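Next comes data.pdb, a file with PDB, C-alpha atoms and all ligand atoms.
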```pdb
ATOM      1  CA  MET V  11     140.046  91.520 105.677
ATOM      2  CA  VAL V  12     139.434  92.940 109.128
ATOM      3  CA  LYS V  13     135.877  92.625 110.205
ATOM      4  CA  THR V  14     134.681  95.645 112.122
ATOM      5  CA  ASN V  15     131.757  95.444 114.412
ATOM      6  CA  ILE V  16     130.514  98.949 114.958
ATOM      7  CA  THR V  17     127.487  99.251 117.161
ATOM      8  CA  MET V  18     126.269 102.782 117.410
ATOM      9  CA  ASN V  19     124.888 103.723 120.797
ATOM     10  CA  LEU V  20     121.773 105.824 120.686
ATOM     11  CA  LEU V  21     122.710 107.436 123.987
ATOM     12  CA  LYS V  22     126.183 107.405 125.458
ATOM     13  CA  ILE V  23     126.994 109.088 128.744
ATOM     14  CA  GLN V  24     130.558 109.094 130.024
ATOM     15  CA  ASN V  25     131.850 110.287 133.378
ATOM     16  CA  LEU V  26     128.997 112.742 133.803
ATOM     17  CA  HIS V  27     129.190 115.268 136.621
ATOM     18  CA  VAL V  28     126.302 117.690 137.138
ATOM     19  CA  SER V  29     125.837 120.557 139.571
ATOM     20  CA  THR V  30     123.173 123.017 140.482
ATOM     21  CA  ASN V  31     123.732 125.978 142.826
ATOM     22  CA  ASN V  32     127.258 124.672 143.424
ATOM     23  CA  ILE V  33     125.959 121.341 144.747
ATOM     24  CA  GLU V  34     127.181 118.316 142.835
ATOM     25  CA  ILE V  35     124.262 115.933 142.225
ATOM     26  CA  ILE V  36     125.551 113.575 139.520
ATOM     27  CA  LYS V  37     129.029 112.353 140.378
ATOM     28  CA  GLY V  38     130.631 110.407 137.553
ATOM     29  CA  LEU V  39     127.871 108.484 135.795
ATOM     30  CA  ASN V  40     128.233 106.182 132.785
ATOM     31  CA  LEU V  41     125.321 104.834 130.751
ATOM     32  CA  SER V  42     124.910 103.505 127.198
ATOM     33  CA  ILE V  43     121.605 102.736 125.544
ATOM     34  CA  GLU V  44     121.085 101.175 122.124
ATOM     35  CA  PRO V  45     118.074 101.345 119.799
ATOM     36  CA  GLY V  46     115.223  99.105 120.981
ATOM     37  CA  GLU V  47     116.532  98.773 124.524
ATOM     38  CA  ILE V  48     114.545  99.370 127.686
ATOM     39  CA  HIS V  49     116.609 100.413 130.694
ATOM     40  CA  ALA V  50     115.258 101.002 134.175
ATOM     41  CA  ILE V  51     116.854 103.145 136.839
ATOM     42  CA  MET V  52     115.930 102.474 140.436
ATOM     43  CA  GLY V  53     117.255 104.018 143.619
ATOM     44  CA  LYS V  54     116.253 105.715 146.812
ATOM     45  CA  ASN V  55     114.759 109.202 146.897
ATOM     46  CA  GLY V  56     117.394 111.843 146.360
ATOM     47  CA  SER V  57     119.835 109.573 144.521
ATOM     48  CA  GLY V  58     119.734 111.816 141.428
ATOM     49  CA  LYS V  59     117.392 109.925 139.086
ATOM     50  CA  SER V  60     115.186 112.871 138.112
ATOM     51  CA  THR V  61     118.219 115.125 137.779
ATOM     52  CA  LEU V  62     119.768 112.683 135.323
ATOM     53  CA  ALA V  63     116.610 112.637 133.184
ATOM     54  CA  LYS V  64     116.347 116.430 133.222
ATOM     55  CA  VAL V  65     120.000 116.860 132.286
ATOM     56  CA  ILE V  66     119.610 114.505 129.326
ATOM     57  CA  ALA V  67     116.539 116.479 128.217
ATOM     58  CA  GLY V  68     118.472 119.765 128.505
ATOM     59  CA  HIS V  69     116.908 121.394 131.564
ATOM     60  CA  PRO V  70     118.689 124.750 132.056
ATOM     61  CA  THR V  71     118.853 124.577 135.874
ATOM     62  CA  TYR V  72     121.645 122.016 135.817
ATOM     63  CA  SER V  73     125.185 122.441 134.551
ATOM     64  CA  ILE V  74     127.477 119.748 133.302
ATOM     65  CA  THR V  75     130.852 120.272 134.940
ATOM     66  CA  GLN V  76     132.582 117.189 133.504
ATOM     67  CA  GLY V  77     131.922 114.370 131.076
ATOM     68  CA  THR V  78     129.905 113.924 127.901
ATOM     69  CA  ILE V  79     126.411 113.101 126.694
ATOM     70  CA  GLU V  80     126.182 111.878 123.105
ATOM     71  CA  PHE V  81     122.997 111.152 121.202
ATOM     72  CA  ASN V  82     123.227 109.401 117.849
ATOM     73  CA  GLY V  83     127.002 109.816 117.952
ATOM     74  CA  LYS V  84     127.007 113.577 118.511
ATOM     75  CA  SER V  85     127.491 115.617 121.670
ATOM     76  CA  ILE V  86     124.267 117.219 122.853
ATOM     77  CA  SER V  87     125.636 118.884 125.994
ATOM     78  CA  GLU V  88     125.504 122.327 124.426
ATOM     79  CA  THR V  89     122.187 122.019 122.580
ATOM     80  CA  SER V  90     118.841 123.477 123.650
ATOM     81  CA  VAL V  91     115.835 121.598 125.050
ATOM     82  CA  GLU V  92     113.974 122.232 121.776
ATOM     83  CA  ASP V  93     116.811 120.886 119.693
ATOM     84  CA  ARG V  94     117.035 117.727 121.771
ATOM     85  CA  ALA V  95     113.279 117.220 121.495
ATOM     86  CA  LEU V  96     113.548 117.553 117.719
ATOM     87  CA  GLN V  97     116.354 115.011 117.692
ATOM     88  CA  GLY V  98     113.937 112.574 119.345
ATOM     89  CA  ILE V  99     114.466 112.902 123.102
ATOM     90  CA  PHE V 100     111.325 112.934 125.218
ATOM     91  CA  LEU V 101     110.898 113.304 128.971
ATOM     92  CA  ALA V 102     107.678 112.489 130.806
ATOM     93  CA  PHE V 103     108.003 114.512 134.004
ATOM     94  CA  GLN V 104     107.674 113.138 137.511
ATOM     95  CA  TYR V 105     105.546 116.209 138.263
ATOM     96  CA  PRO V 106     103.830 117.356 135.031
ATOM     97  CA  VAL V 107     103.018 121.068 135.016
ATOM     98  CA  GLU V 108      99.596 122.609 134.540
ATOM     99  CA  ILE V 109      99.280 125.237 131.814
ATOM    100  CA  PRO V 110      96.143 127.266 132.512
ATOM    101  CA  GLY V 111      94.575 128.962 129.493
ATOM    102  CA  VAL V 112      96.085 126.581 126.921
ATOM    103  CA  SER V 113      93.984 123.710 125.663
ATOM    104  CA  ASN V 114      95.570 120.310 125.572
ATOM    105  CA  ALA V 115      94.660 119.951 121.871
ATOM    106  CA  ASP V 116      96.327 123.278 120.940
ATOM    107  CA  PHE V 117      99.391 122.456 122.982
ATOM    108  CA  LEU V 118      99.782 119.011 121.437
ATOM    109  CA  ARG V 119      99.181 120.326 117.925
ATOM    110  CA  LEU V 120     101.864 122.982 118.364
ATOM    111  CA  ALA V 121     104.370 120.384 119.573
ATOM    112  CA  TYR V 122     103.422 118.000 116.774
ATOM    113  CA  ASN V 123     103.536 120.615 114.011
ATOM    114  CA  ASN V 124     106.878 121.969 115.218
ATOM    115  CA  LYS V 125     108.326 118.541 114.806
ATOM    116  CA  GLN V 126     106.673 118.010 111.406
ATOM    117  CA  LYS V 127     108.052 121.346 110.219
ATOM    118  CA  ALA V 128     111.574 120.542 111.407
ATOM    119  CA  TYR V 129     111.468 117.263 109.450
ATOM    120  CA  GLY V 130     109.963 118.879 106.343
ATOM    121  CA  GLN V 131     106.701 116.975 106.800
ATOM    122  CA  ARG V 132     103.087 118.013 106.547
ATOM    123  CA  GLU V 133     101.650 120.119 109.357
ATOM    124  CA  LEU V 134      98.067 119.425 110.376
ATOM    125  CA  ASP V 135      95.153 121.858 110.662
ATOM    126  CA  PRO V 136      92.987 121.626 113.796
ATOM    127  CA  LEU V 137      90.447 119.314 112.149
ATOM    128  CA  SER V 138      92.892 116.763 110.740
ATOM    129  CA  PHE V 139      94.807 116.916 113.981
ATOM    130  CA  PHE V 140      91.677 116.115 115.929
ATOM    131  CA  GLU V 141      91.182 112.989 113.800
ATOM    132  CA  LEU V 142      94.725 111.878 114.531
ATOM    133  CA  MET V 143      94.241 112.539 118.233
ATOM    134  CA  ASN V 144      91.060 110.507 118.295
ATOM    135  CA  GLN V 145      93.146 107.434 117.477
ATOM    136  CA  LYS V 146      95.913 108.348 119.888
ATOM    137  CA  VAL V 147      93.641 108.861 122.906
ATOM    138  CA  LYS V 148      92.153 105.425 122.271
ATOM    139  CA  GLN V 149      95.625 103.953 122.164
ATOM    140  CA  VAL V 150      96.387 105.243 125.663
ATOM    141  CA  ASP V 151      92.882 104.550 126.933
ATOM    142  CA  MET V 152      92.058 108.195 127.614
ATOM    143  CA  ASP V 153      88.759 110.001 127.256
ATOM    144  CA  LYS V 154      88.817 112.508 124.377
ATOM    145  CA  THR V 155      87.249 115.225 126.547
ATOM    146  CA  PHE V 156      90.761 115.648 127.973
ATOM    147  CA  LEU V 157      91.798 117.195 124.658
ATOM    148  CA  GLU V 158      89.550 120.189 125.196
ATOM    149  CA  ARG V 159      90.612 120.817 128.758
ATOM    150  CA  ASN V 160      93.574 123.029 129.656
ATOM    151  CA  VAL V 161      96.898 121.219 129.839
ATOM    152  CA  ASN V 162      96.881 119.133 133.041
ATOM    153  CA  GLU V 163      94.644 121.664 134.820
ATOM    154  CA  GLY V 164      92.659 119.814 137.475
ATOM    155  CA  PHE V 165      93.840 116.450 136.114
ATOM    156  CA  SER V 166      94.319 113.773 138.767
ATOM    157  CA  GLY V 167      97.825 112.410 139.289
ATOM    158  CA  GLY V 168      97.099 109.400 137.088
ATOM    159  CA  GLU V 169      95.451 111.531 134.372
ATOM    160  CA  LYS V 170      98.529 113.758 134.202
ATOM    161  CA  LYS V 171     100.695 110.684 133.733
ATOM    162  CA  LYS V 172      98.449 109.410 130.955
ATOM    163  CA  ASN V 173      98.657 112.811 129.310
ATOM    164  CA  GLU V 174     102.461 112.529 129.289
ATOM    165  CA  ILE V 175     102.144 109.158 127.551
ATOM    166  CA  LEU V 176      99.735 110.690 125.052
ATOM    167  CA  GLN V 177     102.392 113.297 124.197
ATOM    168  CA  MET V 178     105.022 110.598 123.936
ATOM    169  CA  THR V 179     102.890 108.492 121.589
ATOM    170  CA  LEU V 180     102.096 111.493 119.431
ATOM    171  CA  LEU V 181     105.683 112.714 119.118
ATOM    172  CA  ASN V 182     106.969 109.258 118.264
ATOM    173  CA  SER V 183     110.325 109.983 119.906
ATOM    174  CA  LYS V 184     113.392 107.778 119.470
ATOM    175  CA  PHE V 185     114.268 107.890 123.143
ATOM    176  CA  SER V 186     111.752 108.411 125.939
ATOM    177  CA  MET V 187     112.439 108.848 129.618
ATOM    178  CA  LEU V 188     109.547 108.155 131.958
ATOM    179  CA  ASP V 189     110.084 109.523 135.443
ATOM    180  CA  GLU V 190     107.975 107.708 138.049
ATOM    181  CA  ILE V 191     105.252 107.237 135.451
ATOM    182  CA  ASP V 192     103.713 104.555 137.665
ATOM    183  CA  SER V 193     102.963 106.833 140.611
ATOM    184  CA  GLY V 194      99.251 107.616 140.739
ATOM    185  CA  LEU V 195      98.317 105.194 137.972
ATOM    186  CA  ASP V 196      95.734 102.510 138.602
ATOM    187  CA  ILE V 197      96.550  98.985 137.554
ATOM    188  CA  ASP V 198      94.541  99.105 134.280
ATOM    189  CA  ALA V 199      96.271 102.301 133.170
ATOM    190  CA  LEU V 200      99.609 100.830 134.137
ATOM    191  CA  LYS V 201      98.952  97.790 131.969
ATOM    192  CA  THR V 202      97.859  99.879 128.975
ATOM    193  CA  ILE V 203     100.861 102.168 129.210
ATOM    194  CA  SER V 204     103.234  99.246 129.677
ATOM    195  CA  SER V 205     101.885  97.459 126.644
ATOM    196  CA  ASN V 206     102.319 100.646 124.562
ATOM    197  CA  ILE V 207     105.931 100.839 125.660
ATOM    198  CA  ASN V 208     106.630  97.170 124.960
ATOM    199  CA  THR V 209     105.256  97.579 121.424
ATOM    200  CA  LEU V 210     107.245 100.746 120.775
ATOM    201  CA  ALA V 211     110.454  99.067 121.978
ATOM    202  CA  THR V 212     110.062  96.280 119.428
ATOM    203  CA  ASN V 213     110.040  99.064 116.822
ATOM    204  CA  GLU V 214     113.559 100.194 117.772
ATOM    205  CA  LYS V 215     112.437 102.908 120.194
ATOM    206  CA  SER V 216     114.469 103.145 123.392
ATOM    207  CA  PHE V 217     113.322 103.846 126.931
ATOM    208  CA  LEU V 218     114.647 104.870 130.298
ATOM    209  CA  ILE V 219     112.119 103.983 132.991
ATOM    210  CA  ILE V 220     112.733 105.648 136.329
ATOM    211  CA  THR V 221     110.937 104.086 139.243
ATOM    212  CA  HIS V 222     111.386 103.070 142.798
ATOM    213  CA  TYR V 223     108.718 100.410 142.834
ATOM    214  CA  GLN V 224     109.041  97.057 141.224
ATOM    215  CA  ARG V 225     105.356  97.027 140.151
ATOM    216  CA  ILE V 226     105.777  98.586 136.691
ATOM    217  CA  LEU V 227     108.600  96.150 135.964
ATOM    218  CA  ASP V 228     106.124  93.261 136.137
ATOM    219  CA  TYR V 229     104.649  94.608 132.891
ATOM    220  CA  ILE V 230     107.605  96.247 131.204
ATOM    221  CA  ILE V 231     110.511  93.858 131.173
ATOM    222  CA  PRO V 232     113.670  95.945 130.901
ATOM    223  CA  HIS V 233     116.865  94.690 129.302
ATOM    224  CA  TYR V 234     118.886  96.267 132.111
ATOM    225  CA  ILE V 235     118.171  97.590 135.589
ATOM    226  CA  HIS V 236     120.577 100.124 137.039
ATOM    227  CA  ILE V 237     120.725 101.084 140.674
ATOM    228  CA  MET V 238     121.603 104.663 141.380
ATOM    229  CA  LYS V 239     123.067 105.902 144.642
ATOM    230  CA  GLU V 240     124.470 109.332 145.473
ATOM    231  CA  GLY V 241     124.701 110.421 141.864
ATOM    232  CA  LYS V 242     126.253 107.268 140.427
ATOM    233  CA  ILE V 243     125.144 103.974 138.954
ATOM    234  CA  ILE V 244     126.481 101.502 141.503
ATOM    235  CA  TYR V 245     125.053  98.298 140.054
ATOM    236  CA  THR V 246     123.674  97.060 136.727
ATOM    237  CA  GLY V 247     121.685  93.864 136.486
ATOM    238  CA  ASP V 248     118.992  92.191 134.409
ATOM    239  CA  SER V 249     115.229  92.184 134.951
ATOM    240  CA  ASN V 250     115.515  89.967 138.036
ATOM    241  CA  THR V 251     117.257  92.740 139.938
ATOM    242  CA  ALA V 252     113.964  94.436 140.745
ATOM    243  CA  ARG V 253     112.585  91.359 142.470
ATOM    244  CA  GLU V 254     115.728  90.907 144.519
ATOM    245  CA  LEU V 255     115.520  94.533 145.588
ATOM    246  CA  GLU V 256     111.900  94.168 146.608
ATOM    247  CA  LYS V 257     112.915  91.240 148.788
ATOM    248  CA  TYR V 258     116.195  92.402 150.278
ATOM    249  CA  GLY V 259     116.110  96.219 149.924
ATOM    250  CA  TYR V 260     118.535  98.714 148.428
ATOM    251  CA  ASP V 261     121.015  98.189 151.238
ATOM    252  CA  SER V 262     121.612  94.639 150.020
ATOM    253  CA  ILE V 263     123.582  96.214 147.187
ATOM    254  CA  ASN V 264     126.904  97.313 148.542
ATOM    255  CA  ILE V 265     129.813  98.519 146.538
TER     256      ILE V 265
HETATM  257  P1  LIG L 301     115.532 111.394 142.787
HETATM  258  O1  LIG L 301     114.773 111.669 141.546
HETATM  259  O2  LIG L 301     116.443 110.214 142.708
HETATM  260  O3  LIG L 301     114.656 111.311 143.999
HETATM  261  P2  LIG L 301     116.593 114.063 142.384
HETATM  262  O4  LIG L 301     117.366 113.998 141.122
HETATM  263  O5  LIG L 301     115.252 114.700 142.327
HETATM  264  O6  LIG L 301     116.530 112.619 143.057
HETATM  265  O7  LIG L 301     117.458 114.853 143.460
HETATM  266  C1  LIG L 301     118.785 114.485 143.821
HETATM  267  C2  LIG L 301     119.316 115.448 144.865
HETATM  268  O8  LIG L 301     119.582 116.696 144.275
HETATM  269  C3  LIG L 301     118.340 115.720 146.006
HETATM  270  O9  LIG L 301     119.060 115.806 147.189
HETATM  271  C4  LIG L 301     117.731 117.053 145.621
HETATM  272  O10 LIG L 301     117.290 117.767 146.733
HETATM  273  C5  LIG L 301     118.881 117.741 144.916
HETATM  274  N1  LIG L 301     118.412 118.699 143.891
HETATM  275  C6  LIG L 301     117.800 118.411 142.732
HETATM  276  N2  LIG L 301     117.478 119.527 142.051
HETATM  277  C7  LIG L 301     117.918 120.551 142.796
HETATM  278  C8  LIG L 301     117.883 121.974 142.655
HETATM  279  N3  LIG L 301     117.340 122.551 141.572
HETATM  280  N4  LIG L 301     118.438 122.712 143.641
HETATM  281  C9  LIG L 301     118.995 122.136 144.747
HETATM  282  N5  LIG L 301     119.047 120.810 144.935
HETATM  283  C10 LIG L 301     118.523 120.028 143.997
HETATM  284 MG    MG L 302     112.737 111.805 141.193
END
```
Starting from the coordinates I provided, produce the structure as structure tokens.
Amino acid sequence: MVKTNITMNLLKIQNLHVSTNNIEIIKGLNLSIEPGEIHAIMGKNGSGKSTLAKVIAGHPTYSITQGTIEFNGKSISETSVEDRALQGIFLAFQYPVEIPGVSNADFLRLAYNNKQKAYGQRELDPLSFFELMNQKVKQVDMDKTFLERNVNEGFSGGEKKKNEILQMTLLNSKFSMLDEIDSGLDIDALKTISSNINTLATNEKSFLIITHYQRILDYIIPHYIHIMKEGKIIYTGDSNTARELEKYGYDSINI
């Protein structure tokens, strides 16, 4: 009997090329992520890290000119942002947007109930939702007064980042991308968020951590670190890569 060893990638990107306004930003990128894996992407400003995350999430500004993105074995290149979110893809933005006039609690409840509905599960009324959120805010070490404020309005940089993690925790996504989540966070918040991520990863959730500082990688130990340069992954290493980079700089990696 032939033994087959089929490992199903959660995310599989092959030869991806992405353009916006006729400028090519991603230039032939390959990346595979399996359930329960934490990957980090590092690289200088302008190397295409945020673009990659936005393209995976389905941001309409960018067009895929070549290559494929598969999630759970199916192409997602043609699917909408909403559909990808429902399939379990989450992106915490580098620059979270403020939504004046919409309370954080209402916004989160809408997102949560949409997902519940799509999965044929129970939607929550404002009161039951508030109870659920009370636990979640504790989990991310956030004050519950943030629930009543408008989405990100007047939040400090670090508070906006925590709010992204609150959304992520609530939506319980299979695959979360965190773009420069460490910028603006104080060390205590960084530790709390990192420990949340480490716990989620042991429960088969997968992560793509985008950062250009090594600091967050002292708390979240990734399985792989990729270095991105000019729209490509030019090097993949283990968790020690970050320390080497800190010491010798990006230019020490030459291909
Ligand atoms: P990183 O996150 O690695 O700093 P980005 O993905 O934000 O890099 O950007 C990569 C390059 O693509 C940059 O040169 C940036 O100016 C350019 N770029 C990204 N988005 C757009 C856009 N919407 N229009 C024009 N250029 C863009
Ligand atoms: Mg960026």
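Counting from atom CA of V:Leu137, the distance to atom CA of V:Leu176 is 18.1 Å.
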Any idea what's packed within 7 Å of stretch 57-64 of chain V, counting all atoms listed in the file, ignoring anything in its chain fewer than 2 positions away? Could you give it as number ranges by chain? V: 35-36, 53-55, 66-69, 187, 189, 220, 238-241
Original post:
Which residue out of V:Phe185, V:Phe100, V:Phe117, V:Phe156 has the minimum interatomic distance to V:Ser216 when all atoms listed in the file are used?
Top reply: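 For V:Ser216, the nearest of the candidates is V:Phe185.
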To test your reading of the syntax: which residues would the PyMOL selection byres (((chain V and resi 261) around 12) and not hetatm) return for the file shown? Reply as a PyMOL selection string. chain V and resi 53-54+237-239+244-245+254-260+262-265
Correct to one decimal, the distance atom CA of V:Ser204-atom C3 of ligand LIG 301 (chain L) is 27.7 Å
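Distance check against ligand LIG 301 (chain L) using all atoms listed in the file: of V:Thr89, V:Gln24, V:Asn144, V:Thr221, the minimum falls on V:Thr221.
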(Q) What's the separation between atom CA of V:Ser183 and atom C4 of ligand LIG 301 (chain L), in Å to one decimal place? (A)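 For atom CA of V:Ser183 relative to atom C4 of ligand LIG 301 (chain L), the distance reads 27.7 Å.
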Hey, what's within 9 Å of V:Ile219 if we count only C-alpha atoms and toss same-chain stuff fewer than 5 positions away? As a PyMOL selection string, please? chain V and resi 48-52+186-191+232
Residue IDs satisfying the PyMOL selection byres (((chain V and resi 77-79) around 9) and not hetatm), as a PyMOL selection string: chain V and resi 21-28+38-39+66+74-76+80-81+84-87
Evaluated on this file, the PyMOL selection byres (((chain V and resi 121-134) around 12) and not hetatm) picks out some residues - which ones are they, written as a ChimeraX atom specification?
/V:92-100,114-120,135-143,176-183
Min atom-atom distance to V:Gly164 from the set V:Asp248, V:Glu44, V:Glu108, V:Glu34, counting all atoms listed in the file, belongs to V:Glu108
The residue from V:Thr212, V:Asp151, V:Asn250, V:Lys37 with the smallest atom-to-atom distance to V:Lys184, counting all atoms listed in the file, is V:Thr212
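Closest approach to ligand MG 302 (chain L) from the set V:Phe103, V:Tyr223, V:Tyr72, V:Phe165 is made by V:Phe103, with distances taken over only C-alpha atoms and all ligand atoms.
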| If you count all atoms listed in the file, which residues fall within 8 Å of V:Gly247, apart from same-chain ones fewer than 4 positions away, as JSON, numbers by chain? | {"V": [234, 235, 236, 251]}
Across V:Ser42, V:Thr202, V:Thr209, V:Thr30, the smallest distance to ligand LIG 301 (chain L), with all atoms listed in the file counted, is shown by V:Thr30
I'd like the neighbourhood of V:Asn208 as a PDB file with C-alpha atoms, keeping the file's coordinate frame, where a residue qualifies if any of its atoms comes within 9 Å (using all atoms listed in the file), though same-chain residues fewer than 2 positions away should be ignored.
```pdb
ATOM      1  CA  ILE V  48     114.545  99.370 127.686  1.00  0.00           C
ATOM      2  CA  ILE V 203     100.861 102.168 129.210  1.00  0.00           C
ATOM      3  CA  SER V 204     103.234  99.246 129.677  1.00  0.00           C
ATOM      4  CA  SER V 205     101.885  97.459 126.644  1.00  0.00           C
ATOM      5  CA  ASN V 206     102.319 100.646 124.562  1.00  0.00           C
ATOM      6  CA  LEU V 210     107.245 100.746 120.775  1.00  0.00           C
ATOM      7  CA  ALA V 211     110.454  99.067 121.978  1.00  0.00           C
ATOM      8  CA  THR V 212     110.062  96.280 119.428  1.00  0.00           C
ATOM      9  CA  TYR V 229     104.649  94.608 132.891  1.00  0.00           C
ATOM     10  CA  ILE V 230     107.605  96.247 131.204  1.00  0.00           C
ATOM     11  CA  ILE V 231     110.511  93.858 131.173  1.00  0.00           C
TER      12      ILE V 231
END
```
For stretch 138-146 of chain V, where the input has fewer atoms than it should, I would like all heavy atoms rebuilt and written as a PDB file, in the coordinates of the input.
```
ATOM      1  N   SER V 138      92.160 118.009 111.014  1.00  0.00           N
ATOM      2  CA  SER V 138      92.892 116.763 110.740  1.00  0.00           C
ATOM      3  C   SER V 138      93.626 116.302 111.986  1.00  0.00           C
ATOM      4  O   SER V 138      93.757 115.099 112.241  1.00  0.00           O
ATOM      5  CB  SER V 138      93.932 116.928 109.634  1.00  0.00           C
ATOM      6  OG  SER V 138      93.524 117.840 108.687  1.00  0.00           O
ATOM      7  N   PHE V 139      94.098 117.288 112.766  1.00  0.00           N
ATOM      8  CA  PHE V 139      94.807 116.916 113.981  1.00  0.00           C
ATOM      9  C   PHE V 139      93.866 116.219 114.958  1.00  0.00           C
ATOM     10  O   PHE V 139      94.223 115.244 115.609  1.00  0.00           O
ATOM     11  CB  PHE V 139      95.434 118.154 114.642  1.00  0.00           C
ATOM     12  CG  PHE V 139      96.284 117.812 115.828  1.00  0.00           C
ATOM     13  CD1 PHE V 139      97.503 117.165 115.663  1.00  0.00           C
ATOM     14  CD2 PHE V 139      95.860 118.108 117.116  1.00  0.00           C
ATOM     15  CE1 PHE V 139      98.281 116.813 116.759  1.00  0.00           C
ATOM     16  CE2 PHE V 139      96.636 117.765 118.211  1.00  0.00           C
ATOM     17  CZ  PHE V 139      97.848 117.125 118.030  1.00  0.00           C
ATOM     18  N   PHE V 140      92.656 116.710 115.024  1.00  0.00           N
ATOM     19  CA  PHE V 140      91.677 116.115 115.929  1.00  0.00           C
ATOM     20  C   PHE V 140      91.415 114.652 115.555  1.00  0.00           C
ATOM     21  O   PHE V 140      91.297 113.799 116.430  1.00  0.00           O
ATOM     22  CB  PHE V 140      90.378 116.934 115.905  1.00  0.00           C
ATOM     23  CG  PHE V 140      89.586 116.761 117.160  1.00  0.00           C
ATOM     24  CD1 PHE V 140      90.026 117.340 118.355  1.00  0.00           C
ATOM     25  CD2 PHE V 140      88.426 116.004 117.177  1.00  0.00           C
ATOM     26  CE1 PHE V 140      89.314 117.162 119.537  1.00  0.00           C
ATOM     27  CE2 PHE V 140      87.709 115.823 118.356  1.00  0.00           C
ATOM     28  CZ  PHE V 140      88.155 116.415 119.531  1.00  0.00           C
ATOM     29  N   GLU V 141      91.373 114.380 114.253  1.00  0.00           N
ATOM     30  CA  GLU V 141      91.182 112.989 113.800  1.00  0.00           C
ATOM     31  C   GLU V 141      92.334 112.101 114.260  1.00  0.00           C
ATOM     32  O   GLU V 141      92.137 110.991 114.749  1.00  0.00           O
ATOM     33  CB  GLU V 141      91.080 112.919 112.276  1.00  0.00           C
ATOM     34  CG  GLU V 141      89.685 113.222 111.782  1.00  0.00           C
ATOM     35  CD  GLU V 141      89.642 113.407 110.278  1.00  0.00           C
ATOM     36  OE1 GLU V 141      90.462 112.779 109.569  1.00  0.00           O
ATOM     37  OE2 GLU V 141      88.800 114.203 109.829  1.00  0.00           O
ATOM     38  N   LEU V 142      93.555 112.632 114.101  1.00  0.00           N
ATOM     39  CA  LEU V 142      94.725 111.878 114.531  1.00  0.00           C
ATOM     40  C   LEU V 142      94.666 111.616 116.039  1.00  0.00           C
ATOM     41  O   LEU V 142      94.912 110.504 116.520  1.00  0.00           O
ATOM     42  CB  LEU V 142      96.007 112.670 114.183  1.00  0.00           C
ATOM     43  CG  LEU V 142      97.320 112.121 114.716  1.00  0.00           C
ATOM     44  CD1 LEU V 142      97.698 110.821 114.010  1.00  0.00           C
ATOM     45  CD2 LEU V 142      98.455 113.137 114.531  1.00  0.00           C
ATOM     46  N   MET V 143      94.273 112.671 116.775  1.00  0.00           N
ATOM     47  CA  MET V 143      94.241 112.539 118.233  1.00  0.00           C
ATOM     48  C   MET V 143      93.188 111.556 118.702  1.00  0.00           C
ATOM     49  O   MET V 143      93.349 110.906 119.728  1.00  0.00           O
ATOM     50  CB  MET V 143      94.002 113.909 118.891  1.00  0.00           C
ATOM     51  CG  MET V 143      95.169 114.834 118.838  1.00  0.00           C
ATOM     52  SD  MET V 143      96.749 114.056 119.219  1.00  0.00           S
ATOM     53  CE  MET V 143      96.559 113.704 120.948  1.00  0.00           C
ATOM     54  N   ASN V 144      92.101 111.481 117.943  1.00  0.00           N
ATOM     55  CA  ASN V 144      91.060 110.507 118.295  1.00  0.00           C
ATOM     56  C   ASN V 144      91.609 109.096 118.369  1.00  0.00           C
ATOM     57  O   ASN V 144      91.234 108.327 119.248  1.00  0.00           O
ATOM     58  CB  ASN V 144      89.923 110.558 117.280  1.00  0.00           C
ATOM     59  CG  ASN V 144      88.835 111.497 117.756  1.00  0.00           C
ATOM     60  OD1 ASN V 144      88.733 111.761 118.954  1.00  0.00           O
ATOM     61  ND2 ASN V 144      88.056 112.020 116.827  1.00  0.00           N
ATOM     62  N   GLN V 145      92.525 108.768 117.420  1.00  0.00           N
ATOM     63  CA  GLN V 145      93.146 107.434 117.477  1.00  0.00           C
ATOM     64  C   GLN V 145      94.098 107.339 118.666  1.00  0.00           C
ATOM     65  O   GLN V 145      94.135 106.331 119.362  1.00  0.00           O
ATOM     66  CB  GLN V 145      94.050 107.184 116.262  1.00  0.00           C
ATOM     67  CG  GLN V 145      93.421 107.168 114.921  1.00  0.00           C
ATOM     68  CD  GLN V 145      94.540 107.286 113.868  1.00  0.00           C
ATOM     69  OE1 GLN V 145      95.699 107.008 114.126  1.00  0.00           O
ATOM     70  NE2 GLN V 145      94.161 107.715 112.669  1.00  0.00           N
ATOM     71  N   LYS V 146      94.869 108.398 118.850  1.00  0.00           N
ATOM     72  CA  LYS V 146      95.913 108.348 119.888  1.00  0.00           C
ATOM     73  C   LYS V 146      95.317 108.225 121.294  1.00  0.00           C
ATOM     74  O   LYS V 146      95.856 107.515 122.127  1.00  0.00           O
ATOM     75  CB  LYS V 146      96.807 109.595 119.825  1.00  0.00           C
ATOM     76  CG  LYS V 146      97.552 109.742 118.525  1.00  0.00           C
ATOM     77  CD  LYS V 146      98.689 108.746 118.405  1.00  0.00           C
ATOM     78  CE  LYS V 146      99.393 108.864 117.078  1.00  0.00           C
ATOM     79  NZ  LYS V 146     100.313 107.755 116.811  1.00  0.00           N
TER      80      LYS V 146
END
```
